[in-house]
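Visitor: My structure is below; once you've seen it, I'll send some questions.
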Amino acid sequence: MSEQLSEFATEYEARGAGAVMWEMITGYRVSQIVRVAAALSLAEHCADGPVSAAEVARLESADVTATARFLRACAAIGLVKCVDGPRFAATPLLAALHRDTPGSLRGFALSLSAKGHWLPWGQLLEAVKTGEHQAVGTLGRELFAYYATEPGEAAAFTDGLQGMTSVAGAEAARVIDTTGTRLAVDVGGASGDLLHDLMRVNPELEGIVLDLPHVTPDALAAAARQGLDGRLSVVPGDFFEAVPEGGDLYLLRYVLHDWDDEKCVRILSNCRRAMRPGSRVLVLEMILGEVGREPVVVPSQDLNMLVLLGGRERTVEQFDELFKAAGLRRTAVTETESPMSVIEAVAQD
């Protein structure tokens, strides 16, 4: 029995399989409670001290009685605690939803339980039976096309990525050596947070963010906020068509897992054509490990890719196959303290 299964077995023995299974079955309720807590800015309202249901309801134009019932549920899952009678104070758990918390999860709380993710996940059985992703059938279009028409939800998802990247990006910057690197290209880089981390470590490094045109304004604004707009430029484009040439370093963070093998090879091949002698490609992804021993976040994210986009998480060997098909060769795999690993590749000899 694996170590992970042993932990579950201990919990079953202590609480009973039925109790644990009930929490698994009703897990969606917790997701929606957390989403509403983020939508009602509960962490921000509690930041200066305990608040009452009436105060939250007034601030958010909500029903007082329903808000009180909602806060009771928040207390039950540890987001708040009841103090001074019917008033509610923030817990450290709720602080993770505050807009200003480093690594804030507010964006993911709002987006991963909203229609763009929620509806396709409701068709997981169909995805497993057919092997086909469910975005078009539930949203009427592919996920990123849906986000292009739903700017609020798209912005929340981007915020979530920024929060996650503030942790994973700092880890990546710790392990990625940019000594002697003049120009880094962040392929599909969204707001460019990973580049920001690398550029802070290396003051000589310049960067280019490549992403779709509707992302460009956010990326430019993010660079300006970080005071990096003098060294970072943003190029609107499609990485299936081409990527900027002449980079010393090509970054692919959370990109390849979105796509099937054919599309991944196309992206990597475009990077290979754009590379100059001595250039490197760095892929930041979760890596599938030994069945039953890997953290649940990895195989569950693999299912997320199946349901939403038709992509997948991969083993090291599967990455090697993609690299070979694109004219690249893996040279290193570096684990980080986050679930992400950094996979380095260079041009084949």
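Ligands are numbered from 1 in the order shown, chains are lettered A, B, ... in the order of the structure tokens, and residues start at 1 in each chain.
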Determine, counting only C-alpha atoms, which protein, DNA and RNA residues have an atom within 8 Å of an atom of segment 178-188 of chain A; residues of the same chain fewer than 2 positions away are not included. Present the result as a CSV table (one decimal) with N, CA and C atoms, in the first residue's frame.

Guide:
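Result written to out.csv:
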chain,number,residue,atom,x,y,z
A,176,ILE,N,16.4,28.8,-11.7
A,176,ILE,CA,16.8,29.1,-13.1
A,176,ILE,C,18.0,30.0,-13.1
A,190,ALA,N,1.1,35.5,-20.5
A,190,ALA,CA,0.0,36.2,-19.8
A,190,ALA,C,0.6,37.6,-19.3
A,192,GLY,N,3.2,38.2,-17.6
A,192,GLY,CA,4.6,38.2,-17.6
A,192,GLY,C,5.2,38.1,-16.2
A,194,LEU,N,6.4,35.6,-14.5
A,194,LEU,CA,7.6,34.8,-14.4
A,194,LEU,C,8.8,35.7,-14.8
A,195,LEU,N,8.6,36.4,-15.9
A,195,LEU,CA,9.7,37.3,-16.4
A,195,LEU,C,10.1,38.3,-15.3
A,198,LEU,N,12.4,36.8,-12.8
A,198,LEU,CA,13.7,36.6,-13.3
A,198,LEU,C,14.5,37.9,-13.5
A,202,ASN,N,18.1,39.2,-12.1
A,202,ASN,CA,19.1,39.6,-13.0
A,202,ASN,C,18.8,40.9,-13.6
A,204,GLU,N,20.3,42.7,-15.6
A,204,GLU,CA,20.8,42.9,-17.0
A,204,GLU,C,19.8,42.2,-18.0
A,205,LEU,N,18.9,41.4,-17.5
A,205,LEU,CA,18.0,40.7,-18.4
A,205,LEU,C,16.9,41.5,-18.9
A,206,GLU,N,16.7,41.4,-20.3
A,206,GLU,CA,15.5,42.0,-20.9
A,206,GLU,C,14.5,40.9,-21.3
A,207,GLY,N,13.3,41.3,-21.5
A,207,GLY,CA,12.2,40.3,-21.7
A,207,GLY,C,11.2,40.7,-22.7
A,208,ILE,N,10.6,39.6,-23.3
A,208,ILE,CA,9.5,39.8,-24.3
A,208,ILE,C,8.4,38.8,-23.8
A,209,VAL,N,7.2,39.4,-23.7
A,209,VAL,CA,6.0,38.5,-23.4
A,209,VAL,C,5.2,38.4,-24.7
A,210,LEU,N,5.0,37.1,-25.1
A,210,LEU,CA,4.2,36.9,-26.3
A,210,LEU,C,2.9,36.3,-25.8
A,211,ASP,N,1.8,36.9,-26.2
A,211,ASP,CA,0.4,36.3,-25.9
A,211,ASP,C,-0.6,36.9,-26.8
A,212,LEU,N,-1.8,36.5,-26.7
A,212,LEU,CA,-2.9,36.9,-27.6
A,212,LEU,C,-3.2,38.4,-27.4
A,239,PHE,N,1.3,31.7,-30.6
A,239,PHE,CA,2.5,30.8,-30.6
A,239,PHE,C,2.4,29.6,-31.5
A,243,VAL,N,7.1,32.6,-32.9
A,243,VAL,CA,7.5,33.3,-31.6
A,243,VAL,C,8.6,34.2,-32.0
A,244,PRO,N,8.9,35.2,-31.1
A,244,PRO,CA,10.0,36.2,-31.4
A,244,PRO,C,11.3,35.5,-31.5
A,246,GLY,N,15.6,35.2,-31.7
A,246,GLY,CA,16.8,35.7,-31.1
A,246,GLY,C,16.9,35.7,-29.6
A,247,GLY,N,16.0,35.0,-29.0
A,247,GLY,CA,16.0,34.9,-27.5
A,247,GLY,C,17.1,33.9,-27.1
A,248,ASP,N,17.7,34.2,-25.9
A,248,ASP,CA,18.6,33.3,-25.3
A,248,ASP,C,17.9,32.2,-24.5
A,249,LEU,N,16.7,32.6,-24.0
A,249,LEU,CA,15.9,31.7,-23.2
A,249,LEU,C,14.4,31.8,-23.6
A,250,TYR,N,13.8,30.6,-23.8
A,250,TYR,CA,12.4,30.6,-24.2
A,250,TYR,C,11.6,29.9,-23.0
A,251,LEU,N,10.7,30.6,-22.4
A,251,LEU,CA,10.0,30.1,-21.3
A,251,LEU,C,8.6,29.7,-21.7
A,252,LEU,N,8.2,28.5,-21.3
A,252,LEU,CA,6.9,27.9,-21.5
A,252,LEU,C,6.3,27.5,-20.1
A,253,ARG,N,5.6,28.4,-19.5
A,253,ARG,CA,5.1,28.1,-18.2
A,253,ARG,C,3.6,27.8,-18.3
A,255,VAL,N,2.0,26.1,-20.3
A,255,VAL,CA,1.5,26.2,-21.7
A,255,VAL,C,1.3,24.8,-22.3

Visitor: Please provide the set of residues having any atom within 9 Å of segment 61-71 of chain A, restricted to only C-alpha atoms, with same-chain residues fewer than 4 positions apart removed, written as a list in words.

Guide: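 What passes the distance filter is Ile33, Val36, Ala37, Ser52, Ala53, Ala54, Glu55, Val56, Ala57, Ala75, Ala76, Leu79, Val80, Pro86 and Phe88 of chain A.
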
Visitor: Near His45 of chain A, within 9 Å and counting only C-alpha atoms, which residues show up once chain neighbours fewer than 3 positions away are dropped, as a PyMOL selection string?

Guide: chain A and resi 40-42+48-51+55-56+59+90

Visitor: Please provide the set of residues having any atom within 8 Å of Phe108 of chain A, restricted to only C-alpha atoms, with same-chain residues fewer than 2 positions apart removed, written as a ChimeraX atom specification.

Guide: /A:105-106,110-113,156-157,159-161

Visitor: Deliver the residues from the most recent selection as a file, using C-alpha atoms, as a PDB file, in the first residue's frame.

Guide:
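Output contents, as saved in result_30.pdb:
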ATOM      1  CA  LEU A 105      -6.005  32.612  -4.306  1.00  0.00           C
ATOM      2  CA  ARG A 106      -8.931  35.002  -4.736  1.00  0.00           C
ATOM      3  CA  LEU A 110     -13.763  33.216  -8.369  1.00  0.00           C
ATOM      4  CA  SER A 111     -12.851  31.549 -11.666  1.00  0.00           C
ATOM      5  CA  LEU A 112     -12.393  27.823 -11.021  1.00  0.00           C
ATOM      6  CA  SER A 113     -15.882  27.550  -9.566  1.00  0.00           C
ATOM      7  CA  ALA A 156     -10.268  36.515 -12.287  1.00  0.00           C
ATOM      8  CA  PHE A 157      -8.539  33.531 -13.884  1.00  0.00           C
ATOM      9  CA  ASP A 159      -5.426  37.018 -11.225  1.00  0.00           C
ATOM     10  CA  GLY A 160      -5.405  33.427 -10.004  1.00  0.00           C
ATOM     11  CA  LEU A 161      -2.487  32.597 -12.269  1.00  0.00           C
TER      12      LEU A 161
END

Visitor: What are the closest atom pairs, with distances in Å to one decimal, for each residue of segment 25-75 of chain A lying within 12 Å of segment 116-122 of chain A, using only C-alpha atoms, rows by chain and rising residue number, as CSV?

Guide:
residue,atom,partner,partner_atom,distance
A:Tyr28,CA,A:Trp118,CA,9.7
A:Ser31,CA,A:Trp118,CA,10.2
A:Gln32,CA,A:Trp118,CA,10.2
A:Arg35,CA,A:Trp118,CA,11.6

Visitor: Could you tell me how far atom CA of Glu245 of chain A lies from atom CA of Met275 of chain A, in Å and to one decimal?

Guide: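 We find that atom CA of Glu245 of chain A and atom CA of Met275 of chain A lie 6.3 Å from each other.
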
Visitor: Any chance you could list, as a list of chain:residue names, the residues in segment 277-325 of chain A that come up helix (DSSP H, G or I) when DSSP is run on the backbone?

Guide: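 Secondary structure check on segment 277-325 of chain A, helix (DSSP H, G or I): A:Val297, A:Val298, A:Pro299, A:Ser300, A:Gln301, A:Asp302, A:Leu303, A:Asn304, A:Met305, A:Leu306, A:Val307, A:Leu308, A:Val316, A:Glu317, A:Gln318, A:Phe319, A:Asp320, A:Glu321, A:Leu322, A:Phe323, A:Lys324, A:Ala325.
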
Visitor: Output N, CA and C atoms of each residue in that selection to a file, as a tab-separated table (two decimals), in the first residue's frame.

Guide:
chain	number	residue	atom	x	y	z
A	297	VAL	N	-2.95	16.79	-6.45
A	297	VAL	CA	-3.07	17.94	-7.33
A	297	VAL	C	-2.60	17.62	-8.75
A	298	VAL	N	-1.67	16.67	-8.90
A	298	VAL	CA	-1.13	16.39	-10.23
A	298	VAL	C	-2.12	15.60	-11.09
A	299	PRO	N	-2.59	14.41	-10.65
A	299	PRO	CA	-3.57	13.72	-11.49
A	299	PRO	C	-4.90	14.44	-11.60
A	300	SER	N	-5.30	15.22	-10.59
A	300	SER	CA	-6.54	15.98	-10.72
A	300	SER	C	-6.39	17.11	-11.74
A	301	GLN	N	-5.19	17.69	-11.80
A	301	GLN	CA	-4.94	18.70	-12.83
A	301	GLN	C	-4.91	18.06	-14.21
A	302	ASP	N	-4.44	16.84	-14.29
A	302	ASP	CA	-4.48	16.11	-15.55
A	302	ASP	C	-5.92	15.95	-16.04
A	303	LEU	N	-6.84	15.61	-15.12
A	303	LEU	CA	-8.25	15.52	-15.49
A	303	LEU	C	-8.80	16.89	-15.86
A	304	ASN	N	-8.33	17.94	-15.21
A	304	ASN	CA	-8.75	19.30	-15.56
A	304	ASN	C	-8.42	19.60	-17.02
A	305	MET	N	-7.23	19.20	-17.44
A	305	MET	CA	-6.84	19.42	-18.83
A	305	MET	C	-7.69	18.58	-19.78
A	306	LEU	N	-8.01	17.34	-19.38
A	306	LEU	CA	-8.88	16.49	-20.19
A	306	LEU	C	-10.24	17.13	-20.39
A	307	VAL	N	-10.82	17.64	-19.32
A	307	VAL	CA	-12.18	18.17	-19.37
A	307	VAL	C	-12.25	19.50	-20.11
A	308	LEU	N	-11.27	20.37	-19.88
A	308	LEU	CA	-11.37	21.74	-20.37
A	308	LEU	C	-10.80	21.94	-21.77
A	316	VAL	N	8.09	12.59	-17.53
A	316	VAL	CA	9.34	13.07	-18.12
A	316	VAL	C	9.56	12.42	-19.48
A	317	GLU	N	9.25	11.14	-19.58
A	317	GLU	CA	9.46	10.43	-20.85
A	317	GLU	C	8.56	10.99	-21.95
A	318	GLN	N	7.35	11.39	-21.60
A	318	GLN	CA	6.46	11.97	-22.61
A	318	GLN	C	6.95	13.35	-23.05
A	319	PHE	N	7.53	14.12	-22.14
A	319	PHE	CA	8.16	15.37	-22.54
A	319	PHE	C	9.33	15.11	-23.49
A	320	ASP	N	10.10	14.09	-23.22
A	320	ASP	CA	11.22	13.76	-24.09
A	320	ASP	C	10.76	13.50	-25.52
A	321	GLU	N	9.63	12.81	-25.67
A	321	GLU	CA	9.10	12.54	-27.00
A	321	GLU	C	8.72	13.82	-27.73
A	322	LEU	N	8.11	14.76	-26.99
A	322	LEU	CA	7.76	16.05	-27.60
A	322	LEU	C	9.01	16.79	-28.03
A	323	PHE	N	10.01	16.84	-27.16
A	323	PHE	CA	11.26	17.53	-27.48
A	323	PHE	C	11.90	16.94	-28.74
A	324	LYS	N	11.99	15.63	-28.79
A	324	LYS	CA	12.63	14.97	-29.93
A	324	LYS	C	11.92	15.31	-31.23
A	325	ALA	N	10.59	15.30	-31.20
A	325	ALA	CA	9.82	15.60	-32.41
A	325	ALA	C	10.01	17.04	-32.87

Visitor: Pick out the closest residue to Gly230 of chain A from this set: A:Ala19, A:Met199, A:Leu124, A:Ala89. Count only C-alpha atoms.

Guide: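 So, comparing all the options, the nearest one is A:Met199.
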
Visitor: If we count only C-alpha atoms and set the cut-off at 12 Å, which residues sit around segment 287-289 of chain A, ignoring sequence neighbours fewer than 2 positions away in its own chain? Please answer as an MDAnalysis selection string.

Guide: chainID A and resid 254 256:257 283:285 291:303 312:319 333:336 338:343

Visitor: Go ahead and save the residues from that selection, with C-alpha atoms, as a short mmCIF file (atom, residue, chain, number, x, y, z; two decimals), in the first residue's frame.

Guide:
data_model
loop_
_atom_site.label_atom_id
_atom_site.label_comp_id
_atom_site.auth_asym_id
_atom_site.auth_seq_id
_atom_site.Cartn_x
_atom_site.Cartn_y
_atom_site.Cartn_z
CA TYR A 254 1.77 26.17 -17.88
CA LEU A 256 2.15 22.69 -23.00
CA HIS A 257 -0.31 21.00 -20.65
CA VAL A 283 9.26 24.25 -19.58
CA LEU A 284 7.55 24.77 -16.21
CA GLU A 285 4.94 22.09 -15.61
CA VAL A 291 0.70 6.13 -9.60
CA GLY A 292 -0.75 6.39 -6.09
CA ARG A 293 2.25 8.20 -4.63
CA GLU A 294 2.05 11.57 -6.37
CA PRO A 295 0.20 14.51 -4.75
CA VAL A 296 -3.48 14.50 -5.74
CA VAL A 297 -3.07 17.94 -7.33
CA VAL A 298 -1.13 16.39 -10.23
CA PRO A 299 -3.57 13.72 -11.49
CA SER A 300 -6.54 15.98 -10.72
CA GLN A 301 -4.94 18.70 -12.83
CA ASP A 302 -4.48 16.11 -15.55
CA LEU A 303 -8.25 15.52 -15.49
CA ARG A 312 -2.73 16.68 -20.33
CA GLU A 313 -0.04 16.54 -17.70
CA ARG A 314 2.92 14.39 -18.74
CA THR A 315 5.71 12.17 -17.50
CA VAL A 316 9.34 13.07 -18.12
CA GLU A 317 9.46 10.43 -20.85
CA GLN A 318 6.46 11.97 -22.61
CA PHE A 319 8.16 15.37 -22.54
CA VAL A 333 14.86 18.43 -14.72
CA THR A 334 14.85 20.54 -11.56
CA GLU A 335 12.22 20.15 -8.88
CA THR A 336 11.01 23.18 -6.91
CA SER A 338 6.04 24.12 -5.52
CA PRO A 339 4.29 21.33 -7.49
CA MET A 340 6.09 22.60 -10.61
CA SER A 341 9.34 21.33 -12.07
CA VAL A 342 11.66 23.11 -14.49
CA ILE A 343 12.53 21.03 -17.56
#

Visitor: Quick one: of A:Arg141, A:Glu60, A:Arg200, A:Arg29, who's nearest to Arg231 of chain A, counting only C-alpha atoms?

Guide: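 Counting only C-alpha atoms, the residue closest to Arg231 of chain A is A:Arg200.
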
Visitor: Step one, run DSSP on the backbone; step two, keep only residues of segment 82-306 of chain A assigned to strand (DSSP E or B); then write them as a VMD selection string.

Guide: chain A and resid 82 to 83 87 to 90 183 to 187 206 to 211 232 to 236 249 to 253 280 to 285 287

Visitor: Using the selection just defined, write its residues with N, CA and C atoms as a CSV table (one decimal), in the first residue's frame.

Guide:
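The file below, out_26.csv, is the result:
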chain,number,residue,atom,x,y,z
A,82,CYS,N,-16.6,33.0,15.0
A,82,CYS,CA,-17.6,33.8,15.7
A,82,CYS,C,-17.0,34.4,17.0
A,83,VAL,N,-17.0,35.7,17.1
A,83,VAL,CA,-16.5,36.4,18.3
A,83,VAL,C,-17.5,37.5,18.7
A,87,ARG,N,-20.7,38.4,15.7
A,87,ARG,CA,-19.8,39.0,14.8
A,87,ARG,C,-18.7,38.0,14.4
A,88,PHE,N,-18.1,38.3,13.2
A,88,PHE,CA,-17.2,37.3,12.6
A,88,PHE,C,-15.9,37.9,12.3
A,89,ALA,N,-14.8,37.1,12.7
A,89,ALA,CA,-13.4,37.6,12.5
A,89,ALA,C,-12.7,36.7,11.5
A,90,ALA,N,-11.8,37.3,10.8
A,90,ALA,CA,-11.1,36.5,9.8
A,90,ALA,C,-10.1,35.5,10.4
A,183,LEU,N,18.4,38.0,-23.4
A,183,LEU,CA,17.0,38.2,-23.7
A,183,LEU,C,16.2,36.9,-23.4
A,184,ALA,N,15.1,37.0,-22.6
A,184,ALA,CA,14.2,35.9,-22.4
A,184,ALA,C,12.9,36.2,-23.0
A,185,VAL,N,12.3,35.2,-23.6
A,185,VAL,CA,11.0,35.3,-24.3
A,185,VAL,C,10.0,34.4,-23.5
A,186,ASP,N,8.9,35.0,-22.9
A,186,ASP,CA,7.9,34.3,-22.2
A,186,ASP,C,6.8,34.0,-23.2
A,187,VAL,N,6.7,32.7,-23.6
A,187,VAL,CA,5.8,32.3,-24.7
A,187,VAL,C,4.5,32.0,-24.0
A,206,GLU,N,16.7,41.4,-20.3
A,206,GLU,CA,15.5,42.0,-20.9
A,206,GLU,C,14.5,40.9,-21.3
A,207,GLY,N,13.3,41.3,-21.5
A,207,GLY,CA,12.2,40.3,-21.7
A,207,GLY,C,11.2,40.7,-22.7
A,208,ILE,N,10.6,39.6,-23.3
A,208,ILE,CA,9.5,39.8,-24.3
A,208,ILE,C,8.4,38.8,-23.8
A,209,VAL,N,7.2,39.4,-23.7
A,209,VAL,CA,6.0,38.5,-23.4
A,209,VAL,C,5.2,38.4,-24.7
A,210,LEU,N,5.0,37.1,-25.1
A,210,LEU,CA,4.2,36.9,-26.3
A,210,LEU,C,2.9,36.3,-25.8
A,211,ASP,N,1.8,36.9,-26.2
A,211,ASP,CA,0.4,36.3,-25.9
A,211,ASP,C,-0.6,36.9,-26.8
A,232,LEU,N,11.1,45.4,-20.6
A,232,LEU,CA,10.2,44.4,-21.0
A,232,LEU,C,9.2,44.9,-22.1
A,233,SER,N,9.1,44.2,-23.2
A,233,SER,CA,8.1,44.5,-24.2
A,233,SER,C,7.1,43.4,-24.4
A,234,VAL,N,6.0,43.7,-24.9
A,234,VAL,CA,4.9,42.8,-25.1
A,234,VAL,C,4.6,42.7,-26.6
A,235,VAL,N,4.5,41.5,-27.1
A,235,VAL,CA,4.3,41.2,-28.5
A,235,VAL,C,2.9,40.5,-28.7
A,236,PRO,N,1.9,41.0,-29.3
A,236,PRO,CA,0.7,40.3,-29.5
A,236,PRO,C,0.9,39.3,-30.6
A,249,LEU,N,16.7,32.6,-24.0
A,249,LEU,CA,15.9,31.7,-23.2
A,249,LEU,C,14.4,31.8,-23.6
A,250,TYR,N,13.8,30.6,-23.8
A,250,TYR,CA,12.4,30.6,-24.2
A,250,TYR,C,11.6,29.9,-23.0
A,251,LEU,N,10.7,30.6,-22.4
A,251,LEU,CA,10.0,30.1,-21.3
A,251,LEU,C,8.6,29.7,-21.7
A,252,LEU,N,8.2,28.5,-21.3
A,252,LEU,CA,6.9,27.9,-21.5
A,252,LEU,C,6.3,27.5,-20.1
A,253,ARG,N,5.6,28.4,-19.5
A,253,ARG,CA,5.1,28.1,-18.2
A,253,ARG,C,3.6,27.8,-18.3
A,280,ARG,N,18.2,28.2,-24.9
A,280,ARG,CA,17.6,27.1,-24.1
A,280,ARG,C,16.1,27.3,-24.1
A,281,VAL,N,15.4,26.2,-23.9
A,281,VAL,CA,13.9,26.2,-23.7
A,281,VAL,C,13.7,25.7,-22.3
A,282,LEU,N,12.9,26.4,-21.5
A,282,LEU,CA,12.6,26.0,-20.1
A,282,LEU,C,11.1,25.8,-20.0
A,283,VAL,N,10.7,24.6,-19.7
A,283,VAL,CA,9.3,24.2,-19.6
A,283,VAL,C,9.0,24.1,-18.1
A,284,LEU,N,8.0,24.9,-17.6
A,284,LEU,CA,7.6,24.8,-16.2
A,284,LEU,C,6.2,24.1,-16.2
A,285,GLU,N,6.2,22.9,-15.7
A,285,GLU,CA,4.9,22.1,-15.6
A,285,GLU,C,5.0,21.2,-14.4
A,287,ILE,N,4.8,17.3,-13.2
A,287,ILE,CA,5.2,16.1,-13.9
A,287,ILE,C,4.5,14.9,-13.2
